[in-house]
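Working notes, beginning with the structure itself.
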Amino acid sequence: MKKIKLLALLLAAITLVSGCNIQLSQKDSDISREEKSDDERSDKENSNKENSNKESSNVASTLTSADPDKKEETGEGSEIEAYREFLRDYYDEEEQEFYATILLLDEDEQYELAVLVENGIDAYDVYLYLYEDGQVVSLNEDGFYSCGADGNFYYFSQENCFYYEYDSFGGDTSKITEYVYSIQDGELVLEHEFSKETEYDSEESTYYVDSEVVDEDTYEDYESEYDAYSNDSFLWLNNSFCDFIDEKDDIEKALSRDYEDEYYEAIIAPVTCDKPVIYLYPEKDNTYISAQLDINGYFTCLDPAFNMDNGWNVVADRNGDIHLDGKTYDYLFWEAELYANFSFDQGFCVAGDETKGFLEKVLPQLGLNEKETSQFIEYWLPIMEKNPYNVISFQADEYTDCAGLEITPKPDTMIRVFMAFYESDSYVELPEQTFTSPEREGFVAIEWGGSYVR
């Protein structure tokens, strides 16, 4: 899932469903969006960083490495031609941006089609189609809602077992619900529904199986029966690994790539996300604040440790002191491996021995104060000044799309500075980035971090 915790828990974060060969009970088909919304609507030392950075990916080996000429093209079956015509009509009729891919959901060799339609910031509805009796047939007219934000869609290739997970946070509880599906006689069938609702304060949970309250032991029995932990072959459907249909010519590319091949090629080399730190400056002392991350990847280091789902509940003062479990912190620290595609279309090429002056000039333009700038330089300068040149680009959507951050109460000013860079032996010409310095007003939240891309 997108909200995967530490590396050792990467597989364990996928709950409740594999067991696709088990005889499953039949239930009603699609769950509409309305029905769903009713039920849930230490900083590391720099001396260690150079070693860990050796494991980070090369610019050419991240998502941009996908080369259609090097990929096995799918066979041109009847369904591909039908999907081609369907997508051409879809392109003409729809005004929304969308992505498309082909995948193997059930046991046969015939591809299904997935269309991801944007329904908000970083959120997509997933629509599934199959080819039957010479026609393209919709499997879920309402779509799997808000994938990439509050929902996630997973499947096991050619095992006829796939599921939609929906996370909801509101009031005093968080709730995770997973819907297990299969395809039967050309229709989408809901096999099982599992939910766990947890209170923030007490961490007490209520468990549901097929909408009925059960005790924890019963829930765990189902968990062991439908345990996906032992099966690491699941695929997470994400628009990052699909083809964006910007013009009709893009349809051919989308239909020539098996999503499974694209997915595994892309996730082989996640990008190291080094030391993002979050500063909190509320307008009043002793302000209760929650900060929650939603990343496309997995966490590798946290300080302090999370005390809520993928985040922290803390108390902060106007001077930026953050209090948690009897300790005081300057900032909230996290690191992760992200499935990100950083861009170097614009930026700067800076000689290693000029890096300090460059950062002292640029970071205040991006909104960092003197303390934040000093701590940024203290961390990154020992790494960067050794290089002949550093090609630097401050990331925007390329970073925030795969590292969501939600802070409650909502800050009046949110500034996120993420620097990606790589070493070069010679000067590199590239268009220079320009910035508009943000105003720091009211409740201010600041984050900075970076990635040494090799």
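If you're wondering about the labels, chains in the structure tokens are A, B, ... by order shown, residues count from 1 in each chain, ligands from 1 in order shown.
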
Original post:
Any idea what's packed within 9 Å of Thr355 in chain A, counting only C-alpha atoms, ignoring anything in its chain fewer than 2 positions away? Could you give it as a list of chain:residue names?
Top reply: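 Answer for this query is A:Val350, A:Ala351, A:Gly352, A:Asp353, A:Gly357, A:Phe358, A:Leu359, A:Glu360, A:Leu381, A:Met384, A:Glu385, A:Tyr389, A:Asn390.
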
Let's have the selection written as an mmCIF file, in the first residue's frame, with all heavy atoms.
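As a result, again.cif now contains:
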data_model
loop_
_atom_site.group_PDB
_atom_site.id
_atom_site.type_symbol
_atom_site.label_atom_id
_atom_site.label_comp_id
_atom_site.auth_asym_id
_atom_site.auth_seq_id
_atom_site.Cartn_x
_atom_site.Cartn_y
_atom_site.Cartn_z
ATOM 1 N N VAL A 350 26.335 23.813 -10.178
ATOM 2 C CA VAL A 350 27.130 24.578 -9.223
ATOM 3 C C VAL A 350 28.412 23.809 -8.903
ATOM 4 O O VAL A 350 28.368 22.607 -8.605
ATOM 5 C CB VAL A 350 26.332 24.816 -7.919
ATOM 6 C CG1 VAL A 350 27.144 25.642 -6.941
ATOM 7 C CG2 VAL A 350 24.993 25.489 -8.230
ATOM 8 N N ALA A 351 29.553 24.506 -8.996
ATOM 9 C CA ALA A 351 30.820 23.877 -8.617
ATOM 10 C C ALA A 351 30.774 23.496 -7.147
ATOM 11 O O ALA A 351 30.166 24.183 -6.315
ATOM 12 C CB ALA A 351 31.979 24.835 -8.885
ATOM 13 N N GLY A 352 31.415 22.381 -6.819
ATOM 14 C CA GLY A 352 31.380 21.890 -5.453
ATOM 15 C C GLY A 352 31.817 22.910 -4.429
ATOM 16 O O GLY A 352 31.180 23.069 -3.371
ATOM 17 N N ASP A 353 32.914 23.653 -4.727
ATOM 18 C CA ASP A 353 33.424 24.617 -3.758
ATOM 19 C C ASP A 353 32.594 25.899 -3.720
ATOM 20 O O ASP A 353 32.859 26.784 -2.899
ATOM 21 C CB ASP A 353 34.890 24.931 -4.038
ATOM 22 C CG ASP A 353 35.140 25.488 -5.435
ATOM 23 O OD1 ASP A 353 34.145 25.714 -6.171
ATOM 24 O OD2 ASP A 353 36.309 25.685 -5.802
ATOM 25 N N GLY A 357 27.852 28.978 -0.833
ATOM 26 C CA GLY A 357 27.343 30.294 -1.198
ATOM 27 C C GLY A 357 26.047 30.203 -1.970
ATOM 28 O O GLY A 357 25.138 31.025 -1.778
ATOM 29 N N PHE A 358 25.949 29.221 -2.852
ATOM 30 C CA PHE A 358 24.726 29.023 -3.625
ATOM 31 C C PHE A 358 23.544 28.740 -2.702
ATOM 32 O O PHE A 358 22.469 29.358 -2.828
ATOM 33 C CB PHE A 358 24.914 27.879 -4.616
ATOM 34 C CG PHE A 358 23.637 27.400 -5.246
ATOM 35 C CD1 PHE A 358 23.048 28.105 -6.283
ATOM 36 C CD2 PHE A 358 23.018 26.237 -4.790
ATOM 37 C CE1 PHE A 358 21.864 27.663 -6.863
ATOM 38 C CE2 PHE A 358 21.841 25.798 -5.360
ATOM 39 C CZ PHE A 358 21.258 26.511 -6.391
ATOM 40 N N LEU A 359 23.727 27.808 -1.763
ATOM 41 C CA LEU A 359 22.631 27.445 -0.865
ATOM 42 C C LEU A 359 22.259 28.610 0.050
ATOM 43 O O LEU A 359 21.073 28.821 0.348
ATOM 44 C CB LEU A 359 23.005 26.216 -0.040
ATOM 45 C CG LEU A 359 23.165 24.905 -0.834
ATOM 46 C CD1 LEU A 359 23.646 23.782 0.074
ATOM 47 C CD2 LEU A 359 21.856 24.512 -1.522
ATOM 48 N N GLU A 360 23.251 29.349 0.510
ATOM 49 C CA GLU A 360 22.963 30.499 1.370
ATOM 50 C C GLU A 360 22.121 31.543 0.640
ATOM 51 O O GLU A 360 21.344 32.266 1.259
ATOM 52 C CB GLU A 360 24.268 31.129 1.860
ATOM 53 C CG GLU A 360 25.004 30.276 2.894
ATOM 54 C CD GLU A 360 26.345 30.871 3.277
ATOM 55 O OE1 GLU A 360 26.917 31.644 2.464
ATOM 56 O OE2 GLU A 360 26.830 30.540 4.377
ATOM 57 N N LEU A 381 26.129 20.086 2.842
ATOM 58 C CA LEU A 381 27.392 20.615 2.315
ATOM 59 C C LEU A 381 28.528 19.599 2.335
ATOM 60 O O LEU A 381 29.271 19.499 1.335
ATOM 61 C CB LEU A 381 27.792 21.881 3.078
ATOM 62 C CG LEU A 381 29.033 22.594 2.532
ATOM 63 C CD1 LEU A 381 28.805 23.046 1.087
ATOM 64 C CD2 LEU A 381 29.393 23.790 3.417
ATOM 65 N N MET A 384 28.100 17.528 -0.810
ATOM 66 C CA MET A 384 28.083 18.197 -2.106
ATOM 67 C C MET A 384 29.399 18.879 -2.457
ATOM 68 O O MET A 384 29.776 18.943 -3.635
ATOM 69 C CB MET A 384 26.942 19.211 -2.147
ATOM 70 C CG MET A 384 25.575 18.603 -1.894
ATOM 71 S SD MET A 384 24.234 19.830 -1.837
ATOM 72 C CE MET A 384 24.114 20.262 -3.585
ATOM 73 N N GLU A 385 30.107 19.414 -1.466
ATOM 74 C CA GLU A 385 31.307 20.194 -1.765
ATOM 75 C C GLU A 385 32.452 19.333 -2.293
ATOM 76 O O GLU A 385 33.408 19.855 -2.871
ATOM 77 C CB GLU A 385 31.767 20.964 -0.533
ATOM 78 C CG GLU A 385 32.224 20.098 0.624
ATOM 79 C CD GLU A 385 32.624 20.915 1.846
ATOM 80 O OE1 GLU A 385 32.652 22.157 1.726
ATOM 81 O OE2 GLU A 385 32.908 20.328 2.905
ATOM 82 N N TYR A 389 31.101 19.177 -9.778
ATOM 83 C CA TYR A 389 29.905 19.993 -9.991
ATOM 84 C C TYR A 389 28.697 19.236 -9.433
ATOM 85 O O TYR A 389 28.680 17.997 -9.404
ATOM 86 C CB TYR A 389 29.658 20.268 -11.480
ATOM 87 C CG TYR A 389 30.662 21.191 -12.112
ATOM 88 C CD1 TYR A 389 31.785 20.681 -12.753
ATOM 89 C CD2 TYR A 389 30.485 22.576 -12.075
ATOM 90 C CE1 TYR A 389 32.724 21.521 -13.329
ATOM 91 C CE2 TYR A 389 31.413 23.428 -12.660
ATOM 92 C CZ TYR A 389 32.529 22.901 -13.285
ATOM 93 O OH TYR A 389 33.448 23.734 -13.857
ATOM 94 N N ASN A 390 27.707 19.999 -9.019
ATOM 95 C CA ASN A 390 26.423 19.431 -8.623
ATOM 96 C C ASN A 390 25.339 20.001 -9.523
ATOM 97 O O ASN A 390 25.207 21.223 -9.650
ATOM 98 C CB ASN A 390 26.093 19.785 -7.168
ATOM 99 C CG ASN A 390 27.066 19.158 -6.192
ATOM 100 O OD1 ASN A 390 27.109 17.940 -6.036
ATOM 101 N ND2 ASN A 390 27.865 19.995 -5.527
#

Subject >> Best match for closeness to Phe344 in chain A among A:Glu406, A:Glu429, A:Asp321, A:Asp201, counting only C-alpha atoms >> reply: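 Among A:Glu406, A:Glu429, A:Asp321, A:Asp201, it is A:Glu429 that comes nearest to Phe344 in chain A.
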
**OP:** Apply DSSP to the backbone of this structure and, from range 239-337 of chain A, keep only the residues in strand (DSSP E or B); write these as a ChimeraX atom specification.
**Re:** /A:243-244,258,271-281,287-295,297-303,308,311-316,322-324,327-329,332-337

Original post:
Smallest atom-to-atom distance to Asn239 in chain A: which of A:Asn313, A:Thr101, A:Asn387, A:Thr408, using only C-alpha atoms?
Top reply: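 Smallest separation from Asn239 in chain A among the options: A:Thr101.
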
Original post:
Which one of A:Pro431, A:Gly186, A:Gly297, A:Pro282 sits closest to Asp317 in chain A if you count only C-alpha atoms?
Top reply: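 Nearest to Asp317 in chain A: A:Pro282.
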